[in-house]
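A.B. asks: Just so it is clear, I am handing over upload09.txt, which has compact mmCIF, C-alpha atoms.
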# COMPACT_ATOMS: atom_id res chain seq x y z
CA MET A 1 -187.17 -77.19 61.97
CA LEU A 2 -187.09 -74.40 64.56
CA ARG A 3 -184.24 -76.09 66.44
CA ASN A 4 -182.26 -76.08 63.21
CA MET A 5 -183.02 -72.40 62.71
CA LEU A 6 -181.86 -71.66 66.27
CA ALA A 7 -178.61 -73.47 65.56
CA THR A 8 -178.13 -71.52 62.34
CA PHE A 9 -178.70 -68.25 64.17
CA ALA A 10 -176.25 -69.23 66.91
CA ILE A 11 -173.60 -70.10 64.32
CA ALA A 12 -174.12 -66.79 62.53
CA PHE A 13 -173.84 -64.92 65.81
CA ALA A 14 -170.73 -66.83 66.87
CA SER A 15 -169.03 -66.13 63.56
CA SER A 16 -169.42 -62.40 64.18
CA ALA A 17 -168.11 -62.48 67.73
CA GLY A 18 -164.50 -61.49 67.08
CA PRO A 19 -163.95 -58.10 65.43
CA VAL A 20 -160.88 -57.26 63.42
CA LEU A 21 -159.13 -54.63 65.52
CA SER A 22 -157.96 -52.46 62.66
CA GLN A 23 -158.67 -48.79 63.25
CA ASP A 24 -157.97 -47.63 59.69
CA VAL A 25 -161.10 -46.59 57.80
CA SER A 26 -160.24 -45.19 54.39
CA GLN A 27 -162.34 -42.69 52.48
CA GLU A 28 -162.74 -45.32 49.77
CA ARG A 29 -164.21 -47.70 52.32
CA ILE A 30 -166.58 -45.03 53.64
CA ASN A 31 -167.71 -44.31 50.08
CA GLN A 32 -168.39 -48.02 49.50
CA ILE A 33 -170.62 -48.14 52.57
CA LEU A 34 -172.45 -44.94 51.67
CA ALA A 35 -173.16 -46.34 48.19
CA MET A 36 -175.11 -49.26 49.68
CA SER A 37 -178.91 -49.13 49.88
CA PRO A 38 -180.72 -49.98 53.12
CA THR A 39 -181.95 -53.18 51.47
CA GLU A 40 -178.41 -54.19 50.54
CA MET A 41 -177.30 -53.58 54.11
CA ALA A 42 -180.08 -55.75 55.55
CA ARG A 43 -179.58 -58.57 53.05
CA THR A 44 -175.80 -58.77 53.47
CA GLY A 45 -175.68 -58.54 57.25
CA ALA A 46 -175.24 -62.08 58.63
CA TRP A 47 -177.15 -61.54 61.83
CA THR A 48 -180.02 -59.50 60.34
CA THR A 49 -180.40 -62.20 57.70
CA ALA A 50 -180.38 -64.96 60.31
CA ALA A 51 -183.01 -63.12 62.38
CA TYR A 52 -185.23 -62.61 59.34
CA ASN A 53 -185.00 -66.28 58.36
CA ARG A 54 -185.75 -67.30 61.91
CA LEU A 55 -188.85 -65.08 61.95
CA ILE A 56 -190.13 -66.55 58.68
CA GLY A 57 -189.63 -69.99 60.18
CA TYR A 58 -191.83 -69.10 63.13
CA MET A 59 -194.56 -67.72 60.90
CA ASN A 60 -194.65 -70.83 58.75
CA ALA A 61 -194.61 -73.06 61.82
CA ILE A 62 -197.99 -71.77 63.05
CA LYS A 63 -200.22 -74.86 63.04
CA ASP A 64 -203.58 -73.06 63.30
CA PRO A 65 -204.54 -72.47 59.63
CA GLU A 66 -206.62 -69.38 60.41
CA LEU A 67 -203.86 -67.63 62.34
CA ARG A 68 -201.15 -68.72 59.89
CA GLY A 69 -203.25 -67.44 57.01
CA PHE A 70 -203.67 -63.99 58.58
CA VAL A 71 -199.98 -63.62 59.32
CA LEU A 72 -198.63 -64.84 55.99
CA ASP A 73 -201.16 -62.93 53.92
CA MET A 74 -200.50 -59.65 55.71
CA TYR A 75 -196.76 -59.97 55.07
CA ASP A 76 -196.88 -61.62 51.64
CA ASN A 77 -199.38 -58.97 50.55
CA PRO A 78 -198.67 -55.94 52.78
CA THR A 79 -201.77 -53.96 51.89
CA SER A 80 -203.92 -51.77 54.09
CA THR A 81 -207.44 -52.21 52.76
CA VAL A 82 -208.56 -49.56 55.26
CA PHE A 83 -206.20 -46.84 54.04
CA ASN A 84 -205.86 -48.11 50.45
CA ALA A 85 -202.08 -48.43 50.57
CA THR A 86 -199.57 -51.11 49.60
CA ALA A 87 -196.04 -51.46 50.95
CA ALA A 88 -193.05 -52.81 49.05
CA PRO A 89 -193.11 -56.63 48.86
CA ASP A 90 -189.77 -56.93 50.68
CA ALA A 91 -190.56 -54.25 53.28
CA LEU A 92 -190.31 -56.66 56.20
CA ARG A 93 -186.77 -57.47 55.08
CA THR A 94 -185.54 -53.90 55.29
CA ALA A 95 -187.83 -51.89 57.62
CA PRO A 96 -186.69 -50.54 61.01
CA ALA A 97 -188.62 -51.06 64.24
CA THR A 98 -188.89 -47.34 64.97
CA GLY A 99 -188.91 -44.02 63.17
CA GLY A 100 -185.81 -42.51 64.77
CA PRO A 101 -182.46 -43.49 66.31
CA GLY A 102 -183.10 -46.00 69.07
CA HIS A 103 -185.25 -49.13 69.11
CA HIS A 104 -183.80 -51.42 66.40
CA HIS A 105 -183.37 -48.41 64.12
CA TYR A 106 -181.51 -49.97 61.19
CA PRO A 107 -182.42 -51.91 58.03
CA GLY A 108 -183.93 -55.22 59.06
CA GLY A 109 -184.61 -53.98 62.59
CA LEU A 110 -188.33 -54.73 62.40
CA ALA A 111 -187.73 -58.43 61.71
CA VAL A 112 -185.15 -58.55 64.51
CA HIS A 113 -187.66 -57.00 66.93
CA LEU A 114 -190.44 -59.41 65.94
CA VAL A 115 -188.38 -62.56 66.38
CA GLU A 116 -186.98 -61.15 69.62
CA VAL A 117 -190.38 -60.55 71.24
CA ILE A 118 -191.72 -63.89 70.01
CA GLU A 119 -188.87 -65.69 71.72
CA ILE A 120 -189.16 -63.62 74.90
CA ALA A 121 -192.85 -64.56 75.07
CA MET A 122 -192.00 -68.20 74.40
CA GLY A 123 -189.65 -68.04 77.35
CA TRP A 124 -192.44 -66.72 79.56
CA SER A 125 -194.69 -69.49 78.25
CA ASP A 126 -192.09 -72.13 79.10
CA THR A 127 -191.75 -70.67 82.59
CA PHE A 128 -195.51 -70.77 83.14
CA GLU A 129 -195.52 -74.41 82.08
CA GLU A 130 -192.56 -75.36 84.26
CA ILE A 131 -193.67 -73.49 87.38
CA HIS A 132 -197.47 -73.51 87.17
CA GLY A 133 -198.14 -76.57 85.06
CA ILE A 134 -199.98 -74.57 82.38
CA GLN A 135 -199.81 -76.80 79.32
CA THR A 136 -202.52 -75.13 77.24
CA THR A 137 -200.74 -71.85 76.43
CA ASP A 138 -201.48 -71.18 72.76
CA ARG A 139 -198.06 -70.89 71.14
CA ASP A 140 -199.63 -70.31 67.73
CA LEU A 141 -201.39 -67.25 69.13
CA ILE A 142 -198.18 -65.98 70.73
CA ILE A 143 -196.38 -66.12 67.38
CA ALA A 144 -199.26 -64.62 65.41
CA GLU A 145 -200.10 -61.74 67.76
CA LEU A 146 -196.48 -60.65 68.09
CA ALA A 147 -195.67 -61.13 64.42
CA LEU A 148 -198.47 -58.68 63.61
CA HIS A 149 -198.32 -56.17 66.48
CA ASP A 150 -196.00 -53.83 64.51
CA TRP A 151 -197.08 -54.91 61.03
CA SER A 152 -197.75 -51.34 59.88
CA LYS A 153 -194.07 -50.46 60.24
CA VAL A 154 -193.51 -52.00 56.82
CA TRP A 155 -194.45 -48.45 55.72
CA TYR A 156 -191.50 -46.94 57.62
CA ASN A 157 -189.45 -46.04 54.56
CA TRP A 158 -185.78 -45.10 54.57
CA ASP A 159 -185.02 -41.67 53.09
CA GLU A 160 -181.36 -41.76 52.12
CA THR A 161 -181.29 -38.05 51.28
CA THR A 162 -182.11 -37.09 54.86
CA GLY A 163 -180.84 -40.15 56.73
CA LYS A 164 -184.23 -40.49 58.36
CA VAL A 165 -187.37 -42.62 58.19
CA ALA A 166 -190.30 -41.21 56.25
CA LYS A 167 -193.76 -42.25 57.39
CA PRO A 168 -196.72 -42.07 54.99
CA GLU A 169 -198.86 -38.95 55.04
CA TRP A 170 -201.95 -41.13 55.46
CA PHE A 171 -200.78 -42.54 58.80
CA PRO A 172 -203.21 -41.56 61.59
CA ALA A 173 -201.98 -38.94 64.04
CA SER A 174 -200.46 -40.04 67.34
CA TRP A 175 -202.46 -39.46 70.49
CA GLY A 176 -202.36 -39.96 74.23
CA GLY A 177 -199.85 -39.26 76.92
CA LYS A 178 -199.19 -35.63 76.06
CA ASN A 179 -201.54 -33.95 78.53
CA GLY A 180 -202.41 -36.77 80.88
CA ILE A 181 -201.24 -39.89 82.61
CA ALA A 182 -201.17 -42.33 79.69
CA LYS A 183 -197.73 -43.58 78.74
CA TRP A 184 -198.48 -44.41 75.09
CA GLY A 185 -198.01 -40.99 73.58
CA TRP A 186 -197.16 -42.43 70.15
CA MET A 187 -200.26 -44.59 69.80
CA GLY A 188 -202.87 -44.06 67.21
CA GLU A 189 -200.37 -44.01 64.33
CA HIS A 190 -198.96 -47.48 63.63
CA GLY A 191 -201.23 -49.16 66.18
CA ALA A 192 -204.38 -47.80 64.56
CA VAL A 193 -203.28 -49.13 61.17
CA VAL A 194 -202.76 -52.67 62.52
CA TYR A 195 -205.94 -52.84 64.60
CA SER A 196 -208.17 -51.34 61.91
CA GLU A 197 -206.79 -53.77 59.31
CA LEU A 198 -207.39 -56.77 61.55
CA LEU A 199 -210.94 -55.57 62.18
CA LYS A 200 -211.56 -54.98 58.48
CA ARG A 201 -210.29 -58.46 57.59
CA GLY A 202 -212.43 -60.08 60.27
CA ALA A 203 -209.55 -61.35 62.40
CA PRO A 204 -210.55 -63.41 65.44
CA GLU A 205 -210.76 -61.31 68.58
CA ARG A 206 -208.04 -63.33 70.30
CA LEU A 207 -205.60 -62.23 67.60
CA LEU A 208 -206.73 -58.60 67.52
CA PHE A 209 -206.60 -58.22 71.29
CA GLY A 210 -203.30 -60.11 71.43
CA ALA A 211 -201.68 -57.71 68.97
CA ALA A 212 -203.07 -54.71 70.86
CA SER A 213 -201.84 -56.10 74.17
CA ALA A 214 -198.27 -55.66 73.00
CA HIS A 215 -198.94 -51.92 73.23
CA PHE A 216 -201.55 -51.80 76.00
CA ASP A 217 -201.23 -53.94 79.12
CA PRO A 218 -204.63 -55.67 79.31
CA GLN A 219 -204.77 -54.99 83.06
CA TRP A 220 -203.40 -51.49 83.56
CA ASP A 221 -204.07 -49.79 80.23
CA VAL A 222 -207.66 -50.84 79.50
CA ASP A 223 -209.56 -47.56 79.95
CA ILE A 224 -206.98 -44.89 80.69
CA THR A 225 -208.18 -41.31 80.42
CA ASN A 226 -206.13 -38.13 80.37
CA ALA A 227 -206.61 -34.95 82.40
CA GLU A 228 -209.19 -33.77 79.87
CA GLY A 229 -211.20 -36.97 80.19
CA LYS A 230 -210.16 -38.25 76.77
CA GLY A 231 -209.73 -41.99 76.46
CA GLU A 232 -206.20 -43.17 75.80
CA GLY A 233 -206.16 -46.88 76.64
CA PHE A 234 -206.91 -50.27 75.10
CA ASN A 235 -210.64 -49.80 74.57
CA PRO A 236 -210.28 -46.25 73.20
CA ALA A 237 -207.73 -47.64 70.73
CA MET A 238 -210.26 -50.26 69.62
CA LYS A 239 -212.87 -47.53 69.18
CA GLU A 240 -210.52 -45.47 67.03
CA ALA A 241 -209.60 -48.49 64.91
CA ALA A 242 -213.24 -49.45 64.44
CA GLU A 243 -214.04 -45.95 63.19
CA TYR A 244 -211.35 -46.27 60.53
CA ALA A 245 -212.46 -49.78 59.60
CA GLY A 246 -216.17 -48.95 59.58
CA THR A 247 -216.96 -51.75 62.02
CA ASP A 248 -218.32 -52.07 65.53
CA ALA A 249 -215.77 -51.47 68.25
CA PRO A 250 -214.92 -54.55 70.32
CA VAL A 251 -214.56 -54.06 74.07
CA LEU A 252 -212.14 -55.99 76.26
CA ASN A 253 -214.03 -58.03 78.85
CA PRO A 254 -211.87 -58.10 82.02
CA ASP A 255 -213.42 -61.44 82.97
CA GLN A 256 -212.25 -63.07 79.72
CA ARG A 257 -208.60 -62.15 79.27
CA ARG A 258 -206.19 -64.65 77.78
CA VAL A 259 -202.79 -65.36 79.29
CA GLU A 260 -201.18 -65.01 75.83
CA TRP A 261 -202.16 -61.33 75.76
CA PHE A 262 -200.10 -60.67 78.88
CA LEU A 263 -197.15 -62.49 77.33
CA ALA A 264 -197.34 -60.06 74.41
CA SER A 265 -197.33 -57.14 76.83
CA TYR A 266 -194.40 -58.49 78.84
CA SER A 267 -192.25 -59.17 75.79
CA ASP A 268 -192.74 -55.84 74.03
CA GLY A 269 -191.91 -54.21 77.34
CA ASP A 270 -188.24 -54.66 76.50
CA TRP A 271 -188.69 -51.45 74.51
CA SER A 272 -187.36 -49.30 77.35
CA PHE A 273 -183.95 -51.02 77.25
CA SER A 274 -184.00 -51.49 73.49
CA HIS A 275 -184.73 -47.83 72.73
CA TYR A 276 -183.41 -45.66 75.51
CA VAL A 277 -180.36 -47.69 76.51
CA ALA A 278 -178.99 -50.02 73.81
CA GLY A 279 -180.33 -48.26 70.73
CA LYS A 280 -179.67 -44.65 71.62
CA SER A 281 -176.24 -45.48 73.03
CA ALA A 282 -175.20 -47.37 69.89
CA HIS A 283 -176.32 -44.56 67.60
CA LYS A 284 -174.49 -42.02 69.76
CA TRP A 285 -171.24 -44.01 69.66
CA ILE A 286 -171.40 -44.59 65.91
CA ARG A 287 -171.98 -40.89 65.29
CA MET A 288 -168.99 -40.13 67.52
CA VAL A 289 -166.87 -42.37 65.32
CA ALA A 290 -168.35 -40.74 62.21
CA GLU A 291 -167.27 -37.34 63.52
CA GLU A 292 -163.77 -38.66 64.16
CA LEU A 293 -163.75 -39.77 60.52
CA GLY A 294 -164.55 -36.24 59.39
CA LEU A 295 -168.32 -36.47 58.98
CA ASP A 296 -170.98 -34.26 60.51
CA PRO A 297 -172.47 -36.55 63.22
CA GLU A 298 -175.98 -35.30 62.38
CA SER A 299 -175.57 -35.77 58.63
CA PRO A 300 -177.32 -38.35 56.42
CA GLU A 301 -173.88 -39.92 55.85
CA ALA A 302 -173.39 -40.50 59.58
CA ALA A 303 -176.87 -41.99 59.77
CA LYS A 304 -176.05 -44.41 56.96
CA LEU A 305 -172.88 -45.51 58.73
CA ALA A 306 -175.05 -46.27 61.76
CA TRP A 307 -177.48 -48.31 59.64
CA PHE A 308 -174.56 -50.27 58.21
CA VAL A 309 -172.83 -51.01 61.51
CA LEU A 310 -176.05 -52.10 63.20
CA THR A 311 -176.86 -54.59 60.44
CA ARG A 312 -173.51 -56.19 61.28
CA VAL A 313 -173.37 -55.89 65.08
CA SER A 314 -176.48 -55.59 67.25
CA ASP A 315 -176.95 -52.49 69.36
CA PHE A 316 -177.55 -54.92 72.24
CA LYS A 317 -174.12 -56.46 71.64
CA LEU A 318 -172.43 -53.06 71.50
CA TYR A 319 -174.00 -52.14 74.82
CA LYS A 320 -172.85 -55.42 76.38
CA ILE A 321 -169.31 -54.71 75.18
CA TYR A 322 -169.58 -51.27 76.81
CA GLN A 323 -170.89 -52.79 80.04
CA ASP A 324 -168.23 -55.51 80.15
CA SER A 325 -165.50 -52.90 79.68
CA GLY A 326 -166.54 -51.15 82.88
CA PHE A 327 -168.63 -48.65 80.91
CA ASP A 328 -165.73 -47.38 78.84
CA ILE A 329 -167.05 -45.93 75.54
CA ALA A 330 -163.68 -46.65 73.92
CA ALA A 331 -164.61 -50.36 73.82
CA PRO A 332 -167.74 -50.15 71.62
CA LYS A 333 -166.11 -47.41 69.54
CA GLN A 334 -163.19 -49.74 68.81
CA VAL A 335 -165.59 -52.42 67.56
CA ILE A 336 -167.48 -49.86 65.47
CA ARG A 337 -164.27 -48.69 63.76
CA ALA A 338 -163.26 -52.29 63.16
CA VAL A 339 -166.59 -53.08 61.49
CA LEU A 340 -166.33 -49.98 59.33
CA ALA A 341 -162.82 -50.93 58.31
CA ASP A 342 -163.58 -54.58 57.50
CA SER A 343 -167.02 -56.14 57.98
CA SER A 344 -166.34 -59.40 56.14
CA ASP A 345 -166.67 -61.52 59.29
CA TYR A 346 -170.13 -60.09 59.87
CA GLU A 347 -171.63 -60.68 56.44
CA VAL A 348 -173.52 -63.40 54.61
CA LYS A 349 -171.00 -65.74 53.06
Would you give me this structure, written as structure tokens?
C.D. replies:
Amino acid sequence: MLRNMLATFAIAFASSAGPVLSQDVSQERINQILAMSPTEMARTGAWTTAAYNRLIGYMNAIKDPELRGFVLDMYDNPTSTVFNATAAPDALRTAPATGGPGHHHYPGGLAVHLVEVIEIAMGWSDTFEEIHGIQTTDRDLIIAELALHDWSKVWYNWDETTGKVAKPEWFPASWGGKNGIAKWGWMGEHGAVVYSELLKRGAPERLLFGAASAHFDPQWDVDITNAEGKGEGFNPAMKEAAEYAGTDAPVLNPDQRRVEWFLASYSDGDWSFSHYVAGKSAHKWIRMVAEELGLDPESPEAAKLAWFVLTRVSDFKLYKIYQDSGFDIAAPKQVIRAVLADSSDYEVK
């Protein structure tokens, strides 16, 4: 089944490879795009739809009934029992992977990110098997831990009036990294919601620690402290989550770490390229084009044009076009204008 889904995804990607090189973007066309909701954008984009379907295929392919049950229930019924909140049923379909321009910041970006890191980790797993002869890597755990590591982002809601993402007021505050050596300055927040929910629901420790390892390397980030002596690492995150969940705090035992946890850490480490390079560059270029079309590049309308374009053409693909052109920004801008003018080749048929 997964091979068929891979083929489907490849076909969808191939069909969107050749942009129409028209540079004419009428006001009527801009108005049509601006009238679309984020959900409409995600559902009509061929590649965001293919990525979402591929992700659902992975989730349903988990053989371990306990792990499959946790994953499907948390997405079929996206409810935080810890914070007494429920997300929209189709939130996974339309949510971004981050709260601001960058890392898969477009409708459907969360699903794209999840399937991306699952497949990166699967690649690491295949390499371990081919090189080291490890044939016991738990692929079910890889899928489950990475499918859930950013689960709480289903509450990242698009605000069309501002062109920004609105996070719930009940989200825990971010912590770490601001006054010390820790690199995870945005943790707490969405991480705390995931970990506390898994604790509250009695998730197996291998799943909880696997999801947390996507954010905290289980070697280097276990017990980080800042200059003030405040804990900022893996075990402090577990302590915070346990306080929210009203449970005992589990502690990572360095003598009992699973290889799958490191695969989660390796795969989510693509964030530096995804956010700071591909994502931010793509948003910058699209806003440049928006300004050329007479829009304020910082306006909600320019933001919506960015959401639309990136549900049709990946920010990774735009950056590759830029790179292949010898780093000439005219190349991705030409593709962006073409998509704005006519996106029919990039949409669900």
A.B. asks: Tell me which protein, DNA and RNA residues are within 9 Å of Lys153 (chain A), counting only C-alpha atoms, leaving out same-chain ones fewer than 5 positions away, and put them as a PyMOL selection string.
C.D. replies: chain A and resi 91-92+95-99+110+167+190
A.B. asks: Could you please determine the separation between CA of Glu298 (chain A) and CA of Val348 (chain A) in Å, to one decimal place?
C.D. replies: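 Between CA of Glu298 (chain A) and CA of Val348 (chain A) the gap works out to 29.3 Å.
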A.B. asks: Enumerate, in order of chain and increasing residue number, the residues of region 220-330 of chain A with an atom no farther than 12 Å from region 43-51 of chain A, each with its shortest atom pair and distance in Å to one decimal, counting only C-alpha atoms, as CSV.
C.D. replies:
residue,atom,partner,partner_atom,distance
A:Trp307,CA,A:Gly45,CA,10.7
A:Phe308,CA,A:Gly45,CA,8.4
A:Val309,CA,A:Gly45,CA,9.1
A:Leu310,CA,A:Gly45,CA,8.8
A:Thr311,CA,A:Gly45,CA,5.2
A:Arg312,CA,A:Gly45,CA,5.1
A:Val313,CA,A:Trp47,CA,7.5
A:Ser314,CA,A:Trp47,CA,8.1
A:Asp315,CA,A:Trp47,CA,11.8
A:Lys317,CA,A:Trp47,CA,11.5
A.B. asks: To one decimal place in Å, what is the distance between CA of Asp217 (chain A) and CA of Ser152 (chain A)?
C.D. replies: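 These atoms are spaced 19.7 Å apart.
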A.B. asks: Calculate how many Å separate CA of Ala42 (chain A) from CA of Leu295 (chain A), rounding to one decimal.
C.D. replies: 22.8 Å
A.B. asks: With all atoms listed in the file as the basis for distance, which of A:Gln135, A:Ser80, A:Arg287, A:Asn253 is at the shortest distance from Trp170 (chain A)?
C.D. replies: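 Of A:Gln135, A:Ser80, A:Arg287, A:Asn253, the one nearest Trp170 (chain A) is A:Ser80, counting all atoms listed in the file.
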A.B. asks: Can you report as AutoDock Vina command-line options the centre and edge lengths in Å, to one decimal, of an axis-aligned box around the listed atoms of region 239-254 of chain A padded with 4 Å on each side?
C.D. replies:
--center_x -214.0 --center_y -51.8 --center_z 70.8 --size_x 16.7 --size_y 20.6 --size_z 30.4
A.B. asks: Which one is closest to Ala302 (chain A): A:Lys239, A:Arg29, A:His283, A:Arg139? Count all atoms listed in the file.
C.D. replies: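 Closest candidate: A:His283.
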A.B. asks: Pick from A:Pro254, A:Asp150, A:Pro168, A:Ala242: nearest to Asn84 (chain A), with all atoms listed in the file counted?
C.D. replies: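 For Asn84 (chain A), the nearest of the given residues is A:Pro168.
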A.B. asks: With only C-alpha atoms as the atoms that count, which of A:Ser125, A:Asn53, A:Gln27, A:Ser325 lies nearest to Arg93 (chain A)?
C.D. replies: A:Asn53
A.B. asks: List as JSON, numbers by chain: which residues have an atom within 12 Å of (-203.4, -65.4, 83.5), counting only C-alpha atoms?
C.D. replies: {"A": [124, 125, 128, 132, 134, 136, 137, 218, 219, 254, 255, 256, 257, 258, 259, 260, 261, 262, 263]}
A.B. asks: Taking into account all atoms listed in the file, which residue in the set A:Asp90, A:Glu116, A:Asp138, A:Glu129 is nearest to Trp155 (chain A)?
C.D. replies: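 Looking only at the distances to Trp155 (chain A), the closest residue turns out to be A:Asp90.
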A.B. asks: Counting all atoms listed in the file, which residues sit no farther than 12 Å from the position (-166.0, -47.7, 72.4) in the file's frame? I'd like them as a VMD selection string.
C.D. replies: chain A and resid 21 23 281 to 289 317 to 338
A.B. asks: Which residues are close to Val194 (chain A), i.e. within 7 Å by only C-alpha atoms, leaving aside same-chain residues fewer than 3 positions away? Reply as a PDB file with C-alpha atoms, keeping the file's coordinate frame.
C.D. replies:
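File selection15.pdb, as written:
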ATOM      1  CA  HIS A 149    -198.320 -56.170  66.480  1.00  0.00           C
ATOM      2  CA  TRP A 151    -197.080 -54.910  61.030  1.00  0.00           C
ATOM      3  CA  SER A 152    -197.750 -51.340  59.880  1.00  0.00           C
ATOM      4  CA  HIS A 190    -198.960 -47.480  63.630  1.00  0.00           C
ATOM      5  CA  GLY A 191    -201.230 -49.160  66.180  1.00  0.00           C
ATOM      6  CA  GLU A 197    -206.790 -53.770  59.310  1.00  0.00           C
ATOM      7  CA  LEU A 198    -207.390 -56.770  61.550  1.00  0.00           C
TER       8      LEU A 198
END
A.B. asks: Between A:Trp271, A:Tyr195, A:Phe216, A:Tyr106, single out the one closest to Tyr156 (chain A), counting only C-alpha atoms.
C.D. replies: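 That would be A:Tyr106, the residue with the smallest distance to Tyr156 (chain A).
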A.B. asks: At a cut-off of 6 Å, using all atoms listed in the file, what residues contact Ala214 (chain A)? Leave out same-chain residues fewer than 6 positions from it and give the result as a PyMOL selection string.
C.D. replies: chain A and resi 264-265+268
A.B. asks: Those residues you just picked out, can you put them in a file as a CSV table (one decimal), in the frame of the given file with C-alpha atoms?
C.D. replies:
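And here is the file that came out, again30.csv:
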chain,number,residue,atom,x,y,z
A,264,ALA,CA,-197.3,-60.1,74.4
A,265,SER,CA,-197.3,-57.1,76.8
A,268,ASP,CA,-192.7,-55.8,74.0
